[in-house]
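K.L.:
Got a file for you: final37.cif, mmCIF, C-alpha atoms.
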```cif
data_entry
#
loop_
_atom_site.label_atom_id
_atom_site.label_comp_id
_atom_site.auth_asym_id
_atom_site.auth_seq_id
_atom_site.Cartn_x
_atom_site.Cartn_y
_atom_site.Cartn_z
CA MET A 5 0.00 0.00 0.00
CA VAL A 6 1.45 3.34 -1.08
CA LYS A 7 1.73 5.94 1.69
CA PRO A 8 2.59 9.35 0.23
CA VAL A 9 4.14 12.04 2.40
CA SER A 10 4.33 15.43 0.72
CA LEU A 11 7.17 17.64 2.01
CA LEU A 12 7.86 21.25 1.12
CA ARG A 13 10.15 24.05 2.20
CA ALA A 14 8.11 27.10 3.20
CA GLN A 15 9.20 30.27 4.95
CA SER A 16 6.18 32.52 5.27
CA TYR A 17 2.77 32.73 6.95
CA GLU A 18 1.82 35.65 4.72
CA ALA A 19 -1.62 34.81 3.35
CA VAL A 20 -0.93 34.69 -0.40
CA SER A 21 2.40 32.90 -0.02
CA LEU A 22 1.07 30.36 2.47
CA LEU A 23 -1.98 29.57 0.36
CA ALA A 24 0.28 28.95 -2.65
CA SER A 25 2.55 26.71 -0.57
CA LEU A 26 -0.40 24.65 0.67
CA ARG A 27 -1.75 24.24 -2.86
CA THR A 28 1.65 22.98 -3.97
CA LEU A 29 1.90 20.70 -0.93
CA ILE A 30 -1.37 18.85 -1.40
CA GLU A 31 -1.57 18.90 -5.21
CA PRO A 32 0.40 15.61 -5.48
CA LEU A 33 -2.10 14.07 -3.07
CA GLY A 34 -4.94 14.90 -5.44
CA GLY A 35 -5.62 18.41 -4.15
CA MET A 36 -8.22 19.29 -1.56
CA GLY A 37 -10.94 17.96 -3.84
CA ASN A 38 -9.57 14.47 -3.30
CA PHE A 39 -10.48 14.73 0.39
CA VAL A 40 -13.45 17.10 0.48
CA LYS A 41 -16.63 16.82 -1.57
CA PRO A 42 -19.31 19.52 -1.96
CA GLY A 43 -21.43 19.77 1.16
CA ASP A 44 -19.00 17.88 3.43
CA ARG A 45 -18.77 19.09 7.04
CA VAL A 46 -15.03 19.41 7.61
CA LEU A 47 -13.45 19.59 11.05
CA LEU A 48 -10.22 21.58 11.16
CA LYS A 49 -8.34 20.31 14.23
CA PRO A 50 -5.41 22.58 15.15
CA ASN A 51 -3.29 22.53 18.28
CA LEU A 52 -4.91 25.08 20.62
CA LEU A 53 -2.89 24.23 23.69
CA THR A 54 -3.14 27.49 25.59
CA GLY A 55 -4.09 31.14 25.33
CA ASN A 56 -1.38 32.24 27.76
CA ARG A 57 1.71 32.26 25.51
CA PRO A 58 0.89 33.98 22.22
CA GLY A 59 3.93 34.43 20.03
CA ARG A 60 5.80 31.47 21.50
CA GLU A 61 4.77 29.17 18.64
CA CYS A 62 2.97 26.80 21.01
CA ILE A 63 -0.06 26.45 18.76
CA THR A 64 -0.92 25.93 15.13
CA ARG A 65 -0.74 29.33 13.48
CA PRO A 66 -4.16 30.91 12.75
CA GLU A 67 -2.91 31.75 9.26
CA MET A 68 -2.50 28.02 8.62
CA VAL A 69 -6.05 27.22 9.68
CA ALA A 70 -7.47 30.09 7.62
CA ALA A 71 -5.58 29.03 4.49
CA VAL A 72 -6.70 25.40 4.82
CA ALA A 73 -10.27 26.62 5.40
CA GLN A 74 -10.10 28.56 2.13
CA LEU A 75 -9.05 25.44 0.25
CA VAL A 76 -11.88 23.47 1.87
CA GLN A 77 -14.40 26.11 0.85
CA GLU A 78 -13.06 26.13 -2.70
CA ALA A 79 -13.73 22.38 -2.82
CA GLY A 80 -17.30 22.99 -1.68
CA GLY A 81 -16.83 21.87 1.92
CA LYS A 82 -18.20 23.50 5.04
CA PRO A 83 -15.27 23.91 7.46
CA PHE A 84 -15.56 24.39 11.19
CA MET A 85 -12.78 24.50 13.78
CA GLY A 86 -12.68 22.64 17.06
CA ASP A 87 -10.32 21.52 19.80
CA SER A 88 -10.24 20.76 23.51
CA PRO A 89 -7.48 22.96 24.98
CA ALA A 90 -5.67 22.06 28.17
CA PHE A 91 -7.09 25.17 29.84
CA GLY A 92 -10.11 27.21 28.85
CA SER A 93 -12.42 26.95 25.86
CA ALA A 94 -11.53 26.56 22.21
CA ARG A 95 -13.03 29.97 21.50
CA GLY A 96 -11.17 31.62 24.40
CA VAL A 97 -7.80 30.19 23.37
CA ALA A 98 -8.48 31.04 19.72
CA GLU A 99 -9.32 34.63 20.63
CA ASN A 100 -6.16 35.08 22.71
CA ASN A 101 -4.07 33.80 19.80
CA GLY A 102 -5.57 36.07 17.14
CA TYR A 103 -7.79 33.55 15.38
CA LEU A 104 -11.10 35.38 15.45
CA PRO A 105 -10.60 38.03 12.72
CA LEU A 106 -9.37 35.42 10.24
CA LEU A 107 -12.12 32.92 11.06
CA GLN A 108 -14.86 35.54 11.05
CA ALA A 109 -13.73 36.81 7.65
CA LEU A 110 -14.30 33.29 6.29
CA ASN A 111 -17.40 32.62 8.42
CA ILE A 112 -15.75 29.64 10.11
CA PRO A 113 -17.52 28.60 13.34
CA ILE A 114 -15.64 27.38 16.41
CA VAL A 115 -17.13 24.38 18.20
CA GLU A 116 -16.54 23.14 21.73
CA PHE A 117 -16.04 19.39 21.89
CA ARG A 118 -18.55 17.15 23.66
CA GLY A 119 -17.75 13.56 24.55
CA GLY A 120 -19.21 10.26 23.51
CA ARG A 121 -18.25 6.66 24.21
CA TYR A 122 -16.90 4.78 21.17
CA ALA A 123 -15.87 1.15 20.89
CA THR A 124 -12.43 0.31 19.48
CA ASP A 125 -10.83 -2.78 17.99
CA SER A 126 -7.89 -2.49 20.39
CA ASP A 127 -6.80 -5.42 22.55
CA ASN A 128 -6.09 -3.09 25.48
CA PHE A 129 -8.76 -0.39 25.16
CA ASN A 130 -12.30 -1.62 24.54
CA HIS A 131 -13.62 1.91 24.26
CA LEU A 132 -12.48 5.52 24.19
CA ARG A 133 -14.30 8.71 25.07
CA LEU A 134 -13.94 10.97 22.04
CA SER A 135 -15.35 14.16 20.60
CA LYS A 136 -18.72 13.64 18.94
CA GLU A 137 -17.93 16.58 16.66
CA ALA A 138 -14.82 14.82 15.36
CA MET A 139 -16.46 11.42 15.03
CA ASP A 140 -19.53 12.83 13.27
CA ALA A 141 -17.64 15.07 10.81
CA ASP A 142 -17.61 13.99 7.18
CA VAL A 143 -13.92 14.89 6.94
CA VAL A 144 -11.26 15.52 9.60
CA ILE A 145 -8.21 17.60 8.71
CA ASN A 146 -5.56 17.33 11.41
CA LEU A 147 -3.38 20.46 11.74
CA PRO A 148 -0.62 19.79 14.29
CA LYS A 149 2.26 22.05 15.31
CA LEU A 150 5.78 20.61 15.27
CA LYS A 151 6.92 20.67 18.91
CA SER A 152 9.09 19.02 21.50
CA HIS A 153 7.17 17.70 24.49
CA SER A 154 8.41 17.44 28.06
CA GLN A 155 6.46 14.24 28.74
CA LEU A 156 6.26 12.51 25.35
CA THR A 157 9.51 13.78 23.75
CA MET A 158 7.66 15.03 20.65
CA THR A 159 4.16 16.06 19.64
CA MET A 160 3.24 15.71 15.97
CA GLY A 161 0.20 14.41 14.12
CA VAL A 162 -0.78 11.52 16.39
CA LYS A 163 -0.42 13.44 19.65
CA ASN A 164 -2.44 16.37 18.24
CA LEU A 165 -5.47 14.09 17.99
CA PHE A 166 -5.45 13.70 21.78
CA GLY A 167 -7.23 17.07 21.60
CA CYS A 168 -10.25 15.10 20.39
CA VAL A 169 -10.55 13.69 23.90
CA PRO A 170 -12.95 16.21 25.43
CA GLY A 171 -12.41 18.39 28.46
CA LYS A 172 -10.44 17.17 31.44
CA MET A 173 -10.78 13.55 30.37
CA LYS A 174 -7.24 14.04 29.05
CA ALA A 175 -5.96 14.68 32.59
CA TRP A 176 -7.73 11.56 33.85
CA TRP A 177 -6.07 9.55 31.06
CA HIS A 178 -2.72 10.85 32.31
CA MET A 179 -3.61 9.45 35.72
CA GLU A 180 -5.02 6.14 34.48
CA ALA A 181 -2.60 5.26 31.66
CA GLY A 182 0.32 7.53 32.49
CA LYS A 183 1.87 5.07 34.93
CA ASP A 184 3.07 3.13 31.88
CA ALA A 185 4.56 5.12 28.99
CA ASN A 186 3.95 2.21 26.62
CA ARG A 187 0.28 2.06 27.56
CA PHE A 188 -0.12 5.83 27.30
CA GLY A 189 1.53 5.88 23.87
CA GLU A 190 -0.74 3.08 22.72
CA MET A 191 -3.79 4.97 23.96
CA LEU A 192 -2.73 7.97 21.84
CA VAL A 193 -2.24 5.77 18.79
CA GLU A 194 -5.63 4.10 19.31
CA THR A 195 -7.21 7.56 19.60
CA ALA A 196 -5.63 8.51 16.26
CA LYS A 197 -6.88 5.27 14.71
CA ALA A 198 -10.41 5.96 15.97
CA ILE A 199 -10.47 9.57 14.73
CA ALA A 200 -8.87 8.44 11.44
CA PRO A 201 -8.05 11.89 10.01
CA ASP A 202 -8.50 12.10 6.27
CA LEU A 203 -5.57 14.48 5.91
CA THR A 204 -2.83 15.70 8.25
CA ILE A 205 -0.97 18.93 7.48
CA LEU A 206 1.88 19.73 9.84
CA ASP A 207 2.81 23.34 10.63
CA GLY A 208 6.60 23.34 10.85
CA ILE A 209 7.39 26.73 9.35
CA MET A 210 7.98 28.00 12.87
CA ALA A 211 8.30 25.10 15.31
CA HIS A 212 8.70 24.87 19.10
CA GLU A 213 11.73 23.04 20.52
CA GLY A 214 13.22 22.43 23.92
CA ASN A 215 10.94 22.33 26.94
CA GLY A 216 7.68 22.08 25.06
CA PRO A 217 4.80 21.83 24.67
CA MET A 218 4.66 25.47 25.82
CA HIS A 219 7.82 26.37 27.78
CA GLY A 220 10.29 25.85 24.96
CA ASP A 221 11.54 28.21 22.28
CA PRO A 222 10.42 29.06 18.74
CA ARG A 223 12.63 27.68 15.99
CA GLU A 224 12.39 28.43 12.30
CA VAL A 225 12.38 25.08 10.50
CA GLY A 226 10.71 26.12 7.24
CA LEU A 227 8.79 22.89 6.71
CA LEU A 228 5.29 21.90 5.68
CA ALA A 229 4.29 18.25 5.52
CA ALA A 230 1.05 16.55 4.50
CA SER A 231 -0.20 12.98 4.24
CA PRO A 232 -3.46 11.04 4.33
CA ASP A 233 -1.64 8.66 6.72
CA VAL A 234 -0.89 10.35 10.05
CA PHE A 235 1.38 7.51 11.16
CA ALA A 236 3.51 7.74 8.01
CA LEU A 237 3.80 11.51 8.46
CA ASP A 238 5.04 11.22 12.06
CA PHE A 239 7.47 8.47 11.02
CA VAL A 240 9.01 10.70 8.36
CA ILE A 241 9.17 13.82 10.56
CA THR A 242 10.98 11.82 13.24
CA ASP A 243 13.54 10.82 10.62
CA ILE A 244 13.96 14.42 9.41
CA LEU A 245 14.66 15.55 12.99
CA GLN A 246 17.13 12.65 13.41
CA LEU A 247 15.42 11.38 16.54
CA ASP A 248 15.33 7.85 17.94
CA PRO A 249 11.73 6.61 17.52
CA ALA A 250 12.13 4.32 20.54
CA THR A 251 12.33 7.41 22.79
CA ILE A 252 8.94 8.72 21.61
CA PRO A 253 6.03 6.75 23.16
CA THR A 254 3.70 7.28 20.20
CA MET A 255 6.35 6.14 17.73
CA ALA A 256 7.18 3.09 19.82
CA ALA A 257 3.48 2.22 19.97
CA GLN A 258 3.13 2.61 16.20
CA GLU A 259 5.98 0.14 15.76
CA ARG A 260 4.44 -2.40 18.15
CA LEU A 261 1.06 -2.15 16.45
CA GLY A 262 2.49 -2.51 12.94
CA LEU A 263 1.49 0.98 11.81
CA ASN A 264 4.89 2.29 10.73
CA PRO A 265 5.38 2.30 6.97
CA THR A 266 8.02 0.26 5.19
CA ALA A 267 10.53 1.94 2.92
CA ALA A 268 8.77 0.36 -0.06
CA GLU A 269 5.41 1.87 0.94
CA LEU A 270 6.63 5.45 1.36
CA THR A 271 6.61 7.87 -1.55
CA PHE A 272 7.75 11.50 -1.59
CA PRO A 273 6.15 13.37 -4.49
CA LEU A 274 7.89 16.66 -3.69
CA ALA A 275 11.00 17.02 -1.49
CA HIS A 276 12.79 13.98 -0.10
CA PRO A 277 13.42 13.78 3.66
CA ARG A 278 17.20 13.78 3.05
CA GLU A 279 16.86 17.28 1.56
CA LEU A 280 15.16 18.58 4.71
CA VAL A 281 17.22 17.13 7.55
CA VAL A 282 17.17 19.29 10.69
CA ASP A 283 20.36 19.34 12.73
CA ASN A 284 20.54 19.81 16.50
CA TRP A 285 16.83 19.71 17.22
CA LYS A 286 16.45 20.48 20.93
CA LEU A 287 14.54 17.99 23.03
CA PRO A 288 13.36 18.71 26.59
CA GLU A 289 16.19 19.09 29.09
CA VAL A 290 14.43 16.70 31.47
CA LEU A 291 11.51 14.42 30.67
CA MET A 292 8.66 14.80 33.15
CA PRO A 293 6.51 11.86 34.28
CA ILE A 294 3.49 11.18 32.09
CA ASP A 295 1.51 10.15 35.17
CA PHE A 296 -0.66 12.82 36.81
CA GLY A 297 -1.36 12.12 40.48
CA LEU A 298 -4.85 12.79 41.79
CA PRO A 299 -3.93 16.17 43.37
CA ARG A 300 -2.54 17.39 40.04
CA VAL A 301 -5.62 16.20 38.17
CA LEU A 302 -7.87 18.04 40.63
CA ARG A 303 -5.78 21.24 40.39
CA SER A 304 -5.76 21.02 36.61
CA THR A 305 -9.52 20.48 36.52
CA PHE A 306 -10.14 23.44 38.82
CA LYS A 307 -7.87 25.68 36.71
CA HIS A 308 -9.62 24.60 33.51
CA PHE A 309 -13.08 25.35 34.88
CA TYR A 310 -11.93 28.63 36.42
CA ILE A 311 -10.55 29.86 33.09
CA ARG A 312 -13.50 28.61 31.06
CA PHE A 313 -16.37 29.66 33.33
CA VAL A 314 -14.95 32.63 35.29
CA LYS A 315 -11.97 34.25 33.59
CA GLU A 316 -13.19 34.01 30.00
CA PRO A 317 -16.72 35.33 30.75
CA LEU A 318 -15.19 38.23 32.74
CA HIS A 319 -13.01 39.05 29.76
CA ILE A 320 -16.12 39.30 27.59
CA TYR A 321 -17.75 41.80 29.94
CA THR A 322 -14.70 43.82 30.98
CA GLY A 323 -12.59 43.66 27.85
CA LYS A 324 -9.56 42.62 29.94
CA ALA A 325 -7.52 39.51 29.24
#
```
What does this structure look like when you write it as C-alpha cells?

P.N.:
Amino acid sequence: MVKPVSLLRAQSYEAVSLLASLRTLIEPLGGMGNFVKPGDRVLLKPNLLTGNRPGRECITRPEMVAAVAQLVQEAGGKPFMGDSPAFGSARGVAENNGYLPLLQALNIPIVEFRGGRYATDSDNFNHLRLSKEAMDADVVINLPKLKSHSQLTMTMGVKNLFGCVPGKMKAWWHMEAGKDANRFGEMLVETAKAIAPDLTILDGIMAHEGNGPMHGDPREVGLLAASPDVFALDFVITDILQLDPATIPTMAAQERLGLNPTAAELTFPLAHPRELVVDNWKLPEVLMPIDFGLPRVLRSTFKHFYIRFVKEPLHIYTGKA
C-alpha cells in the first residue's frame, strides 16, 4: 500500500504565499478535492494548547487554519474549527491567539467538543471517550504544530489528535494510563486510529523546541508536511529531525502495532526527507513523568473550569484579558 508524504520548504505565513505553498503541498495528493466533496462538514483540528503564551509558537498558526479553510471552501466543503485545549475553551484560546478576525472573515464557526463513548478494535482499550464533533464530521483535517514535548519527547500528528478527547478527560487519562509510557503511547495511537483523520498537514514553518509543549523556544524550520496517513507523516518527521523513535512513546506504539510504513510503501512526491534534515533539534532538558497524580488532576480540573467559566466570561464583559 502506497503511503505518500508530501514535504515542502516554506518560509512565510503571509496569506498569499502560504496559500500557494499549501496548494503545492497537497496537489500531489490529489488536491483538496480528493479529500473534500461539496457539502462535506469538515473539522479543522489545530493545536490550541493554551491562550497564555501567544507568540511562543505553542499552537498551530491561525494563518494556517485560515488558508486550509479557504481550500476546503473552494472544494465545496463547510469547514468548522474545534479543539479541547488544556485550559479554557476553544473559543477563548483562539481569541487570545488572534484567530477570530481570520475565522470571522471566512465565516468559520468554532465548536466546543462534547464527549461520547466509542468502541475500538484495540486489545487493550475496549472503548475511548472521544469528541462527537470529530467522530460525526464527514472529513477531519488534522493540523498539528511541530513541537518538542516534556512528557512525550515530541508532539506531531498523532499526539495532536489527543485534543479530540474532550475536556479534562485528558488529565484523567494521564492518571489512568500515564503510569506506563507504553500504555499511554498506545492509547494515543488508538485515539488517532479511531479519529482516522482524512488528511494531516503539519505546521513546521515555525516550530517549538526544547521544553515544550509550551515552555520551549520558537525555531524556524521552514517545513510543511502533508499525508493522508498520520502515522507515516510522524514516522518521516521523526527521521527528518534525526530522533530515535524508541524514545517517543507514540512512535514506539506505532511500531508495536504494525502501523509504521516500510521503505517500499513510502513515496515522496515533492521534497525527499534527506533534503530537509534538521540538525541539533532540541529535546526537553528533562523528561517529566506522564503520570498525573490525583492532586494534580484536581488542580488542573479546577484551573480549567476557572478559566472557562470565570476568567473568560469576565473578559467578555470587561474587555480585559

K.L.:
For the provided coordinates, the residues matched by the PyMOL selection byres ((chain A and resi 62-75) around 6) should be stated as a list in words.

P.N.:
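Matching residues under the PyMOL selection byres ((chain A and resi 62-75) around 6) are Leu23, Pro50, Asn51, Leu52, Arg60, Glu61, Val76, Gln77, Glu78, Tyr103, Lys149 and Met218 of chain A.
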
K.L.:
Output the selection as a compact mmCIF listing (two decimals), in the coordinates of the input - C-alpha atoms for each residue.

P.N.:
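Listing of again.txt after writing:
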```
# COMPACT_ATOMS: atom_id res chain seq x y z
CA LEU A 23 -1.98 29.57 0.36
CA PRO A 50 -5.41 22.58 15.15
CA ASN A 51 -3.29 22.53 18.28
CA LEU A 52 -4.91 25.08 20.62
CA ARG A 60 5.80 31.47 21.50
CA GLU A 61 4.77 29.17 18.64
CA VAL A 76 -11.88 23.47 1.87
CA GLN A 77 -14.40 26.11 0.85
CA GLU A 78 -13.06 26.13 -2.70
CA TYR A 103 -7.79 33.55 15.38
CA LYS A 149 2.26 22.05 15.31
CA MET A 218 4.66 25.47 25.82
```

K.L.:
So how many Å separate atom CA of Gly216 of chain A and atom CA of Gly55 of chain A, to one decimal?

P.N.:
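These two atoms are separated by 14.9 Å.
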
K.L.:
Evaluate the PyMOL selection byres ((chain A and resi 279) around 10) here and jot the selected residues down as a PyMOL selection string.

P.N.:
chain A and resi 11-13+244+275-278+280-282

K.L.:
Using all atoms listed in the file, which of the listed residues (A:Asn101, A:Asn264, A:Ser231, A:Thr124) sits closest to Lys197 of chain A?

P.N.:
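The closest residue to Lys197 of chain A is A:Thr124.
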
K.L.:
Between A:Leu261, A:Ile252, A:Val169, A:Val225, which one has atoms that come closest to Val193 of chain A, using only C-alpha atoms?

P.N.:
A:Leu261

K.L.:
Nearest to Pro8 of chain A: which of A:Gly34, A:Gln258, A:Met191, A:Pro253 is it, counting all atoms listed in the file?

P.N.:
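Ranking A:Gly34, A:Gln258, A:Met191, A:Pro253 by distance to Pro8 of chain A, first place goes to A:Gly34.
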
K.L.:
Between A:Trp285, A:Phe188, A:Phe239, A:Phe117, which residue has the minimum interatomic distance to Glu224 of chain A, considering only C-alpha atoms?

P.N.:
A:Trp285

K.L.:
Quick one: contact table of segment 235-289 of chain A to segment 207-213 of chain A, 10 Å max, nearest atom pair and distance in Å to one decimal per residue, counting only C-alpha atoms, chain and number order, as CSV?

P.N.:
```
residue,atom,partner,partner_atom,distance
A:Ile241,CA,A:Gly208,CA,9.9
A:Trp285,CA,A:Glu213,CA,6.9
A:Lys286,CA,A:Glu213,CA,5.4
A:Leu287,CA,A:Glu213,CA,6.3
A:Pro288,CA,A:Glu213,CA,7.6
```

K.L.:
What is the distance, in Å and to one decimal place, between atom CA of Pro32 of chain A and atom CA of Asp87 of chain A?

P.N.:
28.1 Å

K.L.:
As a list in words, please: the residues near Phe39 of chain A (cut-off 10 Å, only C-alpha atoms, same-chain neighbours under 2 positions excluded).

P.N.:
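Close residues of Phe39 of chain A: Leu33, Gly34, Gly35, Met36, Gly37, Lys41, Asp44, Val46, Val76, Ala79, Gly81, Asp142, Val143, Val144, Ile145, Asp202, Leu203 and Pro232 of chain A.
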
K.L.:
Take atom CA of Val97 of chain A and atom CA of Leu29 of chain A and report the distance between them in Å, one decimal.

P.N.:
27.8 Å

K.L.:
Evaluating the PyMOL selection byres ((chain A and resi 112) around 8) on the displayed file yields which residues, as number ranges by chain?

P.N.:
A: 73, 83-85, 107-111, 113-114

K.L.:
Would you kindly return, as a PyMOL selection string, each protein, DNA or RNA residue with an atom no farther than 10 Å from any atom of Phe129 of chain A, considering only C-alpha atoms and excluding same-chain residues fewer than 4 positions away?

P.N.:
chain A and resi 123-125+187+190-191+194-195

K.L.:
Since we have the selection now, will you write its residues out, keeping C-alpha atoms, as a short mmCIF file (atom, residue, chain, number, x, y, z; two decimals), keeping the file's coordinate frame?

P.N.:
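To be explicit, this is the file written out as selection.cif:
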```
data_model
loop_
_atom_site.label_atom_id
_atom_site.label_comp_id
_atom_site.auth_asym_id
_atom_site.auth_seq_id
_atom_site.Cartn_x
_atom_site.Cartn_y
_atom_site.Cartn_z
CA ALA A 123 -15.87 1.15 20.89
CA THR A 124 -12.43 0.31 19.48
CA ASP A 125 -10.83 -2.78 17.99
CA ARG A 187 0.28 2.06 27.56
CA GLU A 190 -0.74 3.08 22.72
CA MET A 191 -3.79 4.97 23.96
CA GLU A 194 -5.63 4.10 19.31
CA THR A 195 -7.21 7.56 19.60
#
```

K.L.:
Near Ile205 of chain A, counting only C-alpha atoms, which residues have an atom at most 6 Å away, once you skip same-chain residues fewer than 6 positions from it, shown as a ChimeraX atom specification?

P.N.:
/A:147,229-230

K.L.:
Within 6 Å of Val234 of chain A, counting all atoms listed in the file, which residues qualify if same-chain residues fewer than 3 places away don't, as a PyMOL selection string?

P.N.:
chain A and resi 161+204+237

K.L.:
Nearest residue to Glu137 of chain A out of A:Pro222, A:Pro170, A:Pro265, A:Pro89, using only C-alpha atoms?

P.N.:
A:Pro170

K.L.:
Using all atoms listed in the file, pick whichever of A:Ser93, A:Thr266, A:Asn146, A:Asn215 has the shortest atom-to-atom distance to Ala236 of chain A.

P.N.:
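Using all atoms listed in the file, the shortest distance to Ala236 of chain A belongs to A:Thr266.
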